[in-house]
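A.B. asks: Got a structure for you, work-v1.csv, holding CSV, C-alpha atoms.
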```
chain,number,residue,atom,x,y,z
A,107,MET,CA,-40.0,-26.8,-7.8
A,108,THR,CA,-36.6,-25.8,-6.5
A,109,TYR,CA,-35.9,-22.2,-5.5
A,110,ARG,CA,-32.5,-21.1,-6.7
A,111,ILE,CA,-31.0,-18.5,-4.4
A,112,ALA,CA,-28.1,-16.3,-5.6
A,113,VAL,CA,-25.7,-15.7,-2.6
A,114,ILE,CA,-23.6,-12.6,-2.7
A,115,VAL,CA,-20.8,-12.1,-0.2
A,116,GLY,CA,-19.7,-8.5,0.4
A,117,SER,CA,-16.1,-9.3,1.2
A,118,LEU,CA,-13.3,-10.6,-1.0
A,119,ARG,CA,-11.1,-11.7,1.9
A,120,GLN,CA,-10.3,-15.4,1.6
A,121,ASP,CA,-10.9,-16.0,5.3
A,122,SER,CA,-13.8,-13.7,5.6
A,123,HIS,CA,-16.3,-14.2,8.4
A,124,ASN,CA,-19.1,-13.5,6.0
A,125,LEU,CA,-17.9,-16.0,3.5
A,126,ARG,CA,-17.8,-18.6,6.3
A,127,LEU,CA,-21.3,-17.6,7.3
A,128,ALA,CA,-22.5,-17.8,3.7
A,129,ARG,CA,-21.1,-21.3,3.4
A,130,ALA,CA,-22.6,-22.4,6.6
A,131,LEU,CA,-26.0,-21.0,5.5
A,132,MET,CA,-25.8,-22.8,2.2
A,133,HIS,CA,-25.8,-26.2,4.1
A,134,MET,CA,-28.8,-25.3,6.2
A,135,GLY,CA,-31.4,-24.8,3.5
A,136,ALA,CA,-34.7,-26.6,3.0
A,137,ALA,CA,-35.0,-29.5,0.5
A,138,ASP,CA,-36.7,-27.2,-2.1
A,139,PHE,CA,-33.9,-24.7,-2.1
A,140,SER,CA,-30.5,-24.6,-3.8
A,141,PHE,CA,-27.8,-21.9,-3.2
A,142,GLU,CA,-25.1,-20.6,-5.5
A,143,GLN,CA,-22.5,-18.0,-4.6
A,144,LEU,CA,-22.0,-15.5,-7.4
A,145,ARG,CA,-18.6,-14.0,-8.0
A,146,ILE,CA,-18.3,-10.2,-7.7
A,147,ASP,CA,-14.5,-9.9,-7.6
A,148,ASP,CA,-14.3,-10.0,-11.4
A,149,LEU,CA,-16.7,-7.2,-12.1
A,150,PRO,CA,-15.2,-4.0,-13.4
A,151,LEU,CA,-15.9,-0.7,-11.7
A,152,PHE,CA,-19.2,0.5,-13.1
A,153,ASN,CA,-18.9,3.0,-15.9
A,154,GLN,CA,-22.1,4.1,-17.6
A,155,ASP,CA,-20.2,4.5,-20.9
A,156,GLU,CA,-19.8,0.7,-20.9
A,157,GLU,CA,-23.3,-0.3,-19.9
A,158,SER,CA,-24.6,-0.9,-23.4
A,159,GLN,CA,-21.8,-3.3,-24.1
A,160,PRO,CA,-21.2,-5.2,-20.8
A,161,CYS,CA,-18.2,-7.4,-20.5
A,162,ALA,CA,-18.5,-11.2,-20.1
A,163,ALA,CA,-18.3,-11.0,-16.3
A,164,VAL,CA,-21.2,-8.5,-16.1
A,165,GLN,CA,-23.2,-10.6,-18.5
A,166,ARG,CA,-22.6,-13.7,-16.5
A,167,PHE,CA,-23.4,-12.0,-13.2
A,168,LYS,CA,-26.7,-10.5,-14.5
A,169,GLY,CA,-27.6,-13.8,-16.2
A,170,ALA,CA,-27.2,-15.7,-12.9
A,171,LEU,CA,-29.3,-13.1,-11.0
A,172,LYS,CA,-32.1,-13.3,-13.6
A,173,ALA,CA,-32.2,-17.1,-13.3
A,174,ALA,CA,-32.5,-16.9,-9.5
A,175,GLN,CA,-35.7,-16.9,-7.5
A,176,GLY,CA,-34.1,-14.9,-4.7
A,177,VAL,CA,-31.0,-13.1,-3.5
A,178,LEU,CA,-29.2,-13.5,-0.2
A,179,PHE,CA,-26.8,-10.8,0.8
A,180,VAL,CA,-24.2,-11.8,3.4
A,181,THR,CA,-22.0,-8.8,4.0
A,182,PRO,CA,-19.6,-7.0,6.3
A,183,GLU,CA,-19.9,-3.3,7.1
A,184,TYR,CA,-17.1,-1.1,5.8
A,185,ASN,CA,-16.9,2.4,7.2
A,186,ARG,CA,-20.5,2.3,8.5
A,187,SER,CA,-21.9,1.4,5.1
A,188,ILE,CA,-22.1,-1.1,2.3
A,189,PRO,CA,-18.7,-2.3,1.1
A,190,GLY,CA,-17.8,-0.6,-2.2
A,191,VAL,CA,-17.2,-4.0,-3.8
A,192,LEU,CA,-20.8,-5.0,-3.0
A,193,LYS,CA,-22.3,-1.7,-4.0
A,194,ASN,CA,-20.4,-1.9,-7.3
A,195,ALA,CA,-21.9,-5.3,-8.0
A,196,ILE,CA,-25.4,-3.9,-7.2
A,197,ASP,CA,-24.8,-1.0,-9.6
A,198,GLN,CA,-23.6,-3.3,-12.4
A,199,GLY,CA,-26.6,-5.6,-11.9
A,200,SER,CA,-29.0,-2.6,-12.0
A,201,ARG,CA,-28.1,-1.2,-15.4
A,202,PRO,CA,-28.8,-0.2,-18.1
A,203,TYR,CA,-32.0,1.5,-17.3
A,204,GLY,CA,-34.9,-0.8,-17.8
A,205,ASP,CA,-32.8,-4.0,-17.6
A,206,SER,CA,-32.1,-4.4,-13.9
A,207,ALA,CA,-31.5,-8.0,-12.9
A,208,TRP,CA,-32.7,-7.3,-9.3
A,209,THR,CA,-36.3,-6.3,-9.9
A,210,GLY,CA,-38.7,-8.3,-7.8
A,211,LYS,CA,-36.3,-10.8,-6.4
A,212,PRO,CA,-37.0,-11.6,-2.7
A,213,ALA,CA,-34.0,-10.6,-0.7
A,214,GLY,CA,-32.5,-11.5,2.6
A,215,VAL,CA,-29.8,-9.5,4.4
A,216,ILE,CA,-27.5,-10.9,7.0
A,217,GLY,CA,-24.0,-10.1,8.2
A,218,VAL,CA,-21.3,-10.7,10.8
A,219,SER,CA,-18.6,-8.4,12.1
A,220,ILE,CA,-16.2,-8.4,15.0
A,221,GLY,CA,-17.8,-5.2,16.3
A,222,ALA,CA,-20.8,-5.3,18.6
A,223,ILE,CA,-23.3,-3.7,16.1
A,224,GLY,CA,-22.9,-6.6,13.8
A,225,THR,CA,-23.1,-4.8,10.4
A,226,ALA,CA,-26.4,-3.0,11.4
A,227,MET,CA,-25.5,0.3,9.6
A,228,ALA,CA,-24.4,-1.5,6.4
A,229,GLN,CA,-27.7,-3.4,6.4
A,230,GLN,CA,-29.7,-0.2,6.8
A,231,HIS,CA,-28.0,1.4,3.8
A,232,LEU,CA,-28.4,-1.8,1.9
A,233,ARG,CA,-32.1,-1.9,2.7
A,234,ASN,CA,-32.5,1.7,1.4
A,235,VAL,CA,-31.0,0.5,-1.9
A,236,LEU,CA,-33.1,-2.6,-2.1
A,237,VAL,CA,-36.3,-0.4,-1.9
A,238,PHE,CA,-35.2,1.4,-5.0
A,239,LEU,CA,-34.4,-1.9,-6.7
A,240,ASN,CA,-37.9,-3.0,-6.0
A,241,MET,CA,-36.8,-6.1,-4.1
A,242,PRO,CA,-39.2,-7.4,-1.4
A,243,THR,CA,-36.8,-7.8,1.6
A,244,LEU,CA,-37.4,-9.9,4.7
A,245,ALA,CA,-37.9,-7.5,7.6
A,246,GLN,CA,-38.0,-9.7,10.8
A,247,PRO,CA,-36.1,-11.4,12.2
A,248,GLU,CA,-33.1,-9.2,11.6
A,249,ALA,CA,-29.7,-10.8,12.0
A,250,PHE,CA,-26.7,-8.9,13.3
A,251,LEU,CA,-24.1,-11.4,14.2
A,252,GLN,CA,-20.9,-10.8,16.1
A,253,ALA,CA,-17.8,-12.9,15.3
A,254,LYS,CA,-16.9,-14.4,18.7
A,255,GLU,CA,-15.0,-17.5,19.6
A,256,GLY,CA,-17.2,-20.5,18.9
A,257,LEU,CA,-19.4,-18.8,16.3
A,258,PHE,CA,-18.3,-21.6,13.9
A,259,ASP,CA,-17.5,-25.2,14.7
A,260,ALA,CA,-14.3,-26.8,13.3
A,261,ASP,CA,-16.2,-28.2,10.3
A,262,GLY,CA,-17.4,-24.7,9.3
A,263,SER,CA,-21.0,-25.1,10.6
A,264,LEU,CA,-22.5,-22.7,13.0
A,265,GLY,CA,-21.7,-23.3,16.7
A,266,ALA,CA,-24.4,-24.3,19.1
A,267,ALA,CA,-24.9,-20.7,20.5
A,268,SER,CA,-26.0,-19.3,17.2
A,269,ARG,CA,-27.2,-22.2,15.1
A,270,GLY,CA,-30.8,-22.1,16.3
A,271,PHE,CA,-31.2,-18.4,15.7
A,272,VAL,CA,-29.7,-18.5,12.2
A,273,GLN,CA,-31.8,-21.5,11.3
A,274,THR,CA,-34.9,-19.6,12.3
A,275,TRP,CA,-33.7,-16.7,10.3
A,276,LEU,CA,-33.0,-18.8,7.2
A,277,ASP,CA,-36.4,-20.6,7.6
A,278,SER,CA,-38.1,-17.2,7.7
A,279,TYR,CA,-36.2,-16.1,4.5
A,280,GLN,CA,-37.1,-19.3,2.7
A,281,GLY,CA,-40.8,-18.7,3.6
A,282,TRP,CA,-40.5,-15.2,2.3
A,283,VAL,CA,-39.1,-16.5,-1.0
A,284,ARG,CA,-41.9,-19.0,-1.4
A,285,GLN,CA,-44.4,-16.3,-0.8
A,286,HIS,CA,-42.9,-13.7,-3.1
A,287,SER,CA,-41.6,-15.9,-5.9
A,288,SER,CA,-44.8,-17.8,-6.6
A,289,ALA,CA,-46.6,-14.6,-7.3
A,290,ARG,CA,-44.4,-14.1,-10.4
B,224,MET,CA,-0.3,29.3,2.4
B,225,THR,CA,-2.3,27.4,-0.3
B,226,TYR,CA,-4.9,24.9,0.6
B,227,ARG,CA,-4.7,21.9,-1.7
B,228,ILE,CA,-8.1,20.2,-2.2
B,229,ALA,CA,-8.4,16.7,-3.5
B,230,VAL,CA,-11.5,16.5,-5.7
B,231,ILE,CA,-13.2,13.1,-6.1
B,232,VAL,CA,-15.8,12.6,-8.7
B,233,GLY,CA,-18.1,9.6,-8.1
B,234,SER,CA,-18.8,8.8,-11.7
B,235,LEU,CA,-16.5,7.4,-14.4
B,236,ARG,CA,-18.7,8.5,-17.3
B,237,GLN,CA,-16.8,10.7,-19.7
B,238,ASP,CA,-19.6,13.2,-20.1
B,239,SER,CA,-20.7,13.0,-16.5
B,240,HIS,CA,-22.7,15.9,-15.1
B,241,ASN,CA,-20.7,15.6,-11.9
B,242,LEU,CA,-17.4,15.7,-13.7
B,243,ARG,CA,-18.6,18.9,-15.4
B,244,LEU,CA,-19.6,20.3,-12.1
B,245,ALA,CA,-16.3,19.5,-10.5
B,246,ARG,CA,-14.4,21.1,-13.4
B,247,ALA,CA,-16.6,24.3,-13.1
B,248,LEU,CA,-16.0,24.4,-9.3
B,249,MET,CA,-12.2,24.1,-9.8
B,250,HIS,CA,-12.2,27.4,-11.6
B,251,MET,CA,-14.3,29.2,-9.0
B,252,GLY,CA,-11.9,28.8,-6.0
B,253,ALA,CA,-10.3,31.5,-4.0
B,254,ALA,CA,-6.7,32.6,-4.6
B,255,ASP,CA,-5.4,30.6,-1.6
B,256,PHE,CA,-6.9,27.4,-2.9
B,257,SER,CA,-5.8,24.8,-5.5
B,258,PHE,CA,-7.8,21.8,-6.7
B,259,GLU,CA,-6.6,18.5,-8.1
B,260,GLN,CA,-9.0,15.7,-9.2
B,261,LEU,CA,-7.8,12.3,-8.0
B,262,ARG,CA,-8.3,9.2,-10.2
B,263,ILE,CA,-10.4,6.5,-8.7
B,264,ASP,CA,-11.0,4.4,-11.9
B,265,ASP,CA,-7.7,2.6,-11.5
B,266,LEU,CA,-8.2,1.4,-8.0
B,267,PRO,CA,-8.8,-2.3,-7.6
B,268,LEU,CA,-11.8,-3.6,-5.8
B,269,PHE,CA,-10.9,-3.6,-2.1
B,270,ASN,CA,-9.7,-6.9,-0.7
B,271,GLN,CA,-8.5,-6.9,2.8
B,272,ASP,CA,-6.0,-9.6,2.0
B,273,GLU,CA,-4.1,-7.1,-0.2
B,274,GLU,CA,-4.2,-4.1,2.2
B,275,SER,CA,-0.8,-4.7,3.7
B,276,GLN,CA,0.8,-4.6,0.3
B,277,PRO,CA,-1.2,-2.0,-1.6
B,278,CYS,CA,-0.7,-1.6,-5.4
B,279,ALA,CA,0.8,1.5,-7.0
B,280,ALA,CA,-2.6,3.0,-7.7
B,281,VAL,CA,-3.7,2.7,-4.1
B,282,GLN,CA,-0.4,4.1,-2.8
B,283,ARG,CA,-0.7,7.1,-5.2
B,284,PHE,CA,-4.3,7.7,-4.2
B,285,LYS,CA,-3.6,7.6,-0.5
B,286,GLY,CA,-0.5,9.8,-0.9
B,287,ALA,CA,-2.4,12.4,-2.7
B,288,LEU,CA,-5.1,12.4,0.0
B,289,LYS,CA,-2.6,12.7,2.8
B,290,ALA,CA,-1.0,15.7,1.0
B,291,ALA,CA,-4.3,17.5,0.7
B,292,GLN,CA,-5.8,20.0,3.2
B,293,GLY,CA,-9.4,19.0,2.3
B,294,VAL,CA,-11.5,16.7,0.2
B,295,LEU,CA,-14.3,17.7,-2.1
B,296,PHE,CA,-16.8,15.0,-3.1
B,297,VAL,CA,-18.7,15.6,-6.3
B,298,THR,CA,-21.0,12.7,-6.8
B,299,PRO,CA,-24.0,11.3,-8.5
B,300,GLU,CA,-26.5,9.0,-6.7
B,301,TYR,CA,-26.6,5.4,-7.8
B,302,ASN,CA,-29.6,3.3,-6.6
B,303,ARG,CA,-30.3,5.8,-3.8
B,304,SER,CA,-26.8,5.6,-2.3
B,305,ILE,CA,-23.1,6.2,-2.9
B,306,PRO,CA,-21.8,4.9,-6.2
B,307,GLY,CA,-19.9,1.7,-5.7
B,308,VAL,CA,-16.9,3.1,-7.5
B,309,LEU,CA,-16.8,6.0,-5.0
B,310,LYS,CA,-17.4,3.8,-2.0
B,311,ASN,CA,-14.6,1.5,-3.1
B,312,ALA,CA,-12.2,4.5,-3.3
B,313,ILE,CA,-13.3,5.4,0.2
B,314,ASP,CA,-12.7,1.9,1.5
B,315,GLN,CA,-9.2,1.8,-0.2
B,316,GLY,CA,-8.2,5.1,1.3
B,317,SER,CA,-9.4,4.1,4.8
B,318,ARG,CA,-7.3,1.0,5.2
B,319,PRO,CA,-5.3,-0.7,6.7
B,320,TYR,CA,-6.6,0.0,10.3
B,321,GLY,CA,-4.7,2.9,11.8
B,322,ASP,CA,-3.5,4.3,8.4
B,323,SER,CA,-6.6,6.0,7.0
B,324,ALA,CA,-5.8,8.8,4.6
B,325,TRP,CA,-9.1,10.5,5.4
B,326,THR,CA,-8.8,11.3,9.0
B,327,GLY,CA,-9.4,14.9,9.9
B,328,LYS,CA,-9.6,16.3,6.3
B,329,PRO,CA,-12.4,18.9,6.0
B,330,ALA,CA,-14.9,17.6,3.5
B,331,GLY,CA,-17.5,19.1,1.2
B,332,VAL,CA,-20.3,17.1,-0.4
B,333,ILE,CA,-22.1,18.3,-3.6
B,334,GLY,CA,-23.8,16.5,-6.4
B,335,VAL,CA,-26.0,16.9,-9.5
B,336,SER,CA,-28.5,14.5,-11.0
B,337,ILE,CA,-31.2,14.6,-13.6
B,338,GLY,CA,-33.7,13.7,-10.9
B,339,ALA,CA,-35.4,16.2,-8.7
B,340,ILE,CA,-33.9,15.1,-5.4
B,341,GLY,CA,-30.4,16.0,-6.7
B,342,THR,CA,-28.4,13.2,-5.1
B,343,ALA,CA,-29.8,13.9,-1.6
B,344,MET,CA,-29.9,10.2,-0.5
B,345,ALA,CA,-26.4,9.5,-1.8
B,346,GLN,CA,-25.2,12.5,0.1
B,347,GLN,CA,-26.8,11.4,3.4
B,348,HIS,CA,-25.2,7.9,3.1
B,349,LEU,CA,-21.9,9.6,2.3
B,350,ARG,CA,-22.3,11.8,5.4
B,351,ASN,CA,-22.8,8.7,7.5
B,352,VAL,CA,-19.5,7.4,6.2
B,353,LEU,CA,-17.6,10.6,6.7
B,354,VAL,CA,-18.6,10.6,10.4
B,355,PHE,CA,-16.9,7.3,10.8
B,356,LEU,CA,-13.9,8.5,8.9
B,357,ASN,CA,-13.7,11.5,11.3
B,358,MET,CA,-13.9,14.1,8.6
B,359,PRO,CA,-15.4,17.4,9.6
B,360,THR,CA,-18.0,18.0,6.9
B,361,LEU,CA,-19.6,21.3,5.9
B,362,ALA,CA,-23.2,21.1,7.0
B,363,GLN,CA,-24.9,24.2,5.4
B,364,PRO,CA,-25.5,25.2,2.8
B,365,GLU,CA,-26.4,21.8,1.3
B,366,ALA,CA,-26.2,21.6,-2.5
B,367,PHE,CA,-28.6,19.3,-4.4
B,368,LEU,CA,-28.3,20.3,-8.0
B,369,GLN,CA,-30.6,19.2,-10.8
B,370,ALA,CA,-29.2,18.9,-14.3
B,371,LYS,CA,-31.5,21.1,-16.4
B,372,GLU,CA,-31.0,22.9,-19.7
B,373,GLY,CA,-28.7,25.8,-18.9
B,374,LEU,CA,-27.0,24.5,-15.8
B,375,PHE,CA,-23.7,24.9,-17.7
B,376,ASP,CA,-22.7,27.5,-20.2
B,377,ALA,CA,-21.1,26.5,-23.5
B,378,ASP,CA,-17.6,27.1,-22.0
B,379,GLY,CA,-18.3,24.7,-19.1
B,380,SER,CA,-18.8,27.3,-16.5
B,381,LEU,CA,-22.0,27.3,-14.4
B,382,GLY,CA,-25.0,29.1,-16.0
B,383,ALA,CA,-26.4,32.3,-14.5
B,384,ALA,CA,-29.2,30.5,-12.7
B,385,SER,CA,-26.9,28.5,-10.4
B,386,ARG,CA,-23.6,30.3,-10.5
B,387,GLY,CA,-24.3,32.5,-7.5
B,388,PHE,CA,-25.6,29.7,-5.3
B,389,VAL,CA,-22.7,27.4,-6.1
B,390,GLN,CA,-20.2,30.2,-5.5
B,391,THR,CA,-21.8,30.8,-2.1
B,392,TRP,CA,-21.5,27.0,-1.4
B,393,LEU,CA,-17.9,26.9,-2.5
B,394,ASP,CA,-17.0,30.0,-0.4
B,395,SER,CA,-18.6,28.3,2.6
B,396,TYR,CA,-16.6,25.2,2.0
B,397,GLN,CA,-13.4,27.1,1.7
B,398,GLY,CA,-14.1,29.0,4.9
B,399,TRP,CA,-14.7,25.6,6.5
B,400,VAL,CA,-11.3,24.3,5.2
B,401,ARG,CA,-9.5,27.4,6.5
B,402,GLN,CA,-11.1,26.9,9.9
B,403,HIS,CA,-10.4,23.2,10.2
B,404,SER,CA,-7.1,22.8,8.5
B,405,SER,CA,-5.3,25.5,10.5
B,406,ALA,CA,-6.1,23.7,13.7
B,407,ARG,CA,-3.8,20.9,12.6
```
Could I get this file's structure written as structure tokens?
C.D. replies:
Amino acid sequence: MTYRIAVIVGSLRQDSHNLRLARALMHMGAADFSFEQLRIDDLPLFNQDEESQPCAAVQRFKGALKAAQGVLFVTPEYNRSIPGVLKNAIDQGSRPYGDSAWTGKPAGVIGVSIGAIGTAMAQQHLRNVLVFLNMPTLAQPEAFLQAKEGLFDADGSLGAASRGFVQTWLDSYQGWVRQHSSAR
Amino acid sequence: MTYRIAVIVGSLRQDSHNLRLARALMHMGAADFSFEQLRIDDLPLFNQDEESQPCAAVQRFKGALKAAQGVLFVTPEYNRSIPGVLKNAIDQGSRPYGDSAWTGKPAGVIGVSIGAIGTAMAQQHLRNVLVFLNMPTLAQPEAFLQAKEGLFDADGSLGAASRGFVQTWLDSYQGWVRQHSSAR
């Protein structure tokens, strides 16, 4: 079988470091994995009054999540927490009560920032949320990347200094998905 | 002088418990306080590519924050964290770098939920963010309210069981604002 992974990038910036990281990761997967980035920029701000009649963008987002065998979060840190745009997508996917699209999907969390802590606090807040969503989430290795000269090569792939570590991380996540998806 | 407080409600639901709480609070203030709820439903999802040319809604939101002497957050908890819609407003108000509208504004955090923990985890995540934004935030008393029968009276004011506690909380917040606004 092929494990389909929904990739969610927590930044809407066109030249986002995390978008670049996500694209690099999507080319590093094993033969039995496929990756698809899901749009979150077209989701409206969550309003519980609308949850029983979700718009087309929310329906598409939730449908793609439900069809996936895992979810890979690639996110910056905004103000020491999860970007609002990402949290809004999480809220949209989680509702209405009893129809969350996240339940049970094995998750991976990775991020890159120009700061030295490499999105660590955003990742911790995100992990708190993923517990509530009942998503088994890869613990180790953790990946807190710093955007330095040479992180990416000219062709968009990861530079030599980080490639091995990120490959190990991705291999671990893929093993996690194989372990937790087959049980369902 | 009059202390103007910007009130931000973390739910867009029309019949939101937190909106009702905010409205009740706005009638319980001292004579030297005025309260204005700021819209956050019209703010676009934050995109750093747009931050140097913010839209009218973002400009209005930041202008109202800058004119305020304090910020009162009245918020539900979504998925054990800050609602995405509220975090998005925080992100919008914080950017671009060097032009945050939040800096130094004395903050209060309160929330109500139908669950027993009364938004405690959302409040903790929010407090983490407020540290980064350099907003002095009232510590005690904390206020974790549970939406039970009788929390509000028919006229929208707080019922007898909670009114005294919430008045004490608001008095403490107002004292905090007087203390921290006058220094600026």
A.B. asks: Under the rule of at most 10 Å, produce a per-residue listing of chain B near chain A: chain, number, name, the closest pair of atoms, and the distance in Å, as CSV, using only C-alpha atoms.
C.D. replies:
```
residue,atom,partner,partner_atom,distance
B:Ser234,CA,A:Asn153,CA,7.2
B:Leu235,CA,A:Asn153,CA,5.2
B:Arg236,CA,A:Gln154,CA,5.6
B:Gln237,CA,A:Asp155,CA,7.2
B:Asp238,CA,A:Asp155,CA,8.8
B:Ser239,CA,A:Gln154,CA,9.1
B:Ile263,CA,A:Leu151,CA,9.5
B:Asp264,CA,A:Leu151,CA,7.1
B:Asp265,CA,A:Leu151,CA,8.8
B:Leu266,CA,A:Leu151,CA,8.8
B:Pro267,CA,A:Leu151,CA,8.4
B:Leu268,CA,A:Val191,CA,5.8
B:Phe269,CA,A:Val191,CA,6.5
B:Asn270,CA,A:Leu118,CA,5.2
B:Gln271,CA,A:Arg119,CA,5.5
B:Asp272,CA,A:Arg119,CA,5.5
B:Glu273,CA,A:Arg119,CA,8.6
B:Tyr301,CA,A:Asp197,CA,6.9
B:Asn302,CA,A:Val235,CA,5.6
B:Arg303,CA,A:Val235,CA,5.7
B:Ser304,CA,A:Val235,CA,6.6
B:Ile305,CA,A:Lys193,CA,8.0
B:Pro306,CA,A:Lys193,CA,7.0
B:Gly307,CA,A:Asn194,CA,4.0
B:Val308,CA,A:Leu151,CA,5.8
B:Leu309,CA,A:Gly190,CA,7.2
B:Lys310,CA,A:Gly190,CA,4.4
B:Asn311,CA,A:Gly190,CA,3.9
B:Ala312,CA,A:Gly190,CA,7.7
B:Ile313,CA,A:Gly190,CA,7.9
B:Asp314,CA,A:Gly190,CA,6.8
B:Gln315,CA,A:Gly190,CA,9.1
B:Ser317,CA,A:Asn185,CA,8.1
B:Arg318,CA,A:Asn185,CA,9.9
B:Met344,CA,A:Asn234,CA,9.1
B:Ala345,CA,A:His231,CA,10.0
B:His348,CA,A:His231,CA,7.1
B:Leu349,CA,A:Ser187,CA,8.7
B:Asn351,CA,A:Arg186,CA,6.9
B:Val352,CA,A:Arg186,CA,5.7
B:Leu353,CA,A:Asn185,CA,8.2
B:Val354,CA,A:Arg186,CA,8.7
B:Phe355,CA,A:Asn185,CA,6.1
B:Leu356,CA,A:Asn185,CA,7.0
```
A.B. asks: Around the point (-2.1, 17.6, 5.2) (coordinates from the file), which residues reach within 10 Å if we count all atoms listed in the file? Answer as a list in words.
C.D. replies: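 Protein, DNA and RNA residues close to (-2.1, 17.6, 5.2): Tyr226, Arg227, Ile228, Ala287, Leu288, Lys289, Ala290, Ala291, Gln292, Gly293, Ala324, Trp325, Thr326, Gly327, Lys328, Ser404 and Arg407 of chain B.
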A.B. asks: How many Å lie between atom CA of Gly256 of chain A and atom CA of Glu142 of chain A, rounded to one decimal?
C.D. replies: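 Pair atom CA of Gly256 of chain A / atom CA of Glu142 of chain A returns 25.6 Å.
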A.B. asks: Provide the atom CA of Ala137 of chain A to atom CA of Phe167 of chain A distance in Å, to one decimal place.
C.D. replies: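 Result for atom CA of Ala137 of chain A versus atom CA of Phe167 of chain A: 25.1 Å, one decimal.
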A.B. asks: What does the distance between atom CA of His286 of chain A and atom CA of Arg126 of chain A come to in Å, to one decimal place?
C.D. replies: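 Result for atom CA of His286 of chain A versus atom CA of Arg126 of chain A: 27.2 Å, one decimal.
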A.B. asks: Return the single residue from A:Gln285, A:Asn124, A:Ser278, A:Gln159 that is closest to Gln252 of chain A, with distances computed using all atoms listed in the file.
C.D. replies: A:Asn124
A.B. asks: Let me make sure I understand: among A:Ala222, A:Ile216, A:Gly262, A:Pro247, which one has the smallest atom-to-atom distance to Pro182 of chain A if we use all atoms listed in the file?
C.D. replies: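 That would be A:Ile216, the residue with the smallest distance to Pro182 of chain A.
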A.B. asks: Gly224 of chain A: which residues within 6 Å, counting all atoms listed in the file, same-chain residues fewer than 3 positions away excluded, as a ChimeraX atom specification?
C.D. replies: /A:218-219,221,250-252
A.B. asks: How would the residues just picked look written out with C-alpha atoms as a PDB file, in the frame of the given file?
C.D. replies:
```pdb
ATOM      1  CA  VAL A 218     -21.300 -10.700  10.800  1.00  0.00           C
ATOM      2  CA  SER A 219     -18.600  -8.400  12.100  1.00  0.00           C
ATOM      3  CA  GLY A 221     -17.800  -5.200  16.300  1.00  0.00           C
ATOM      4  CA  PHE A 250     -26.700  -8.900  13.300  1.00  0.00           C
ATOM      5  CA  LEU A 251     -24.100 -11.400  14.200  1.00  0.00           C
ATOM      6  CA  GLN A 252     -20.900 -10.800  16.100  1.00  0.00           C
TER       7      GLN A 252
END
```
A.B. asks: Taking (-11.9, 12.6, -7.7) in the coordinates of the supplied file, I want to know which residues reach to within 9 Å of it, counting all atoms listed in the file; could you give the answer as a PyMOL selection string?
C.D. replies: chain B and resi 229-234+242+245+259-263+294-297+309
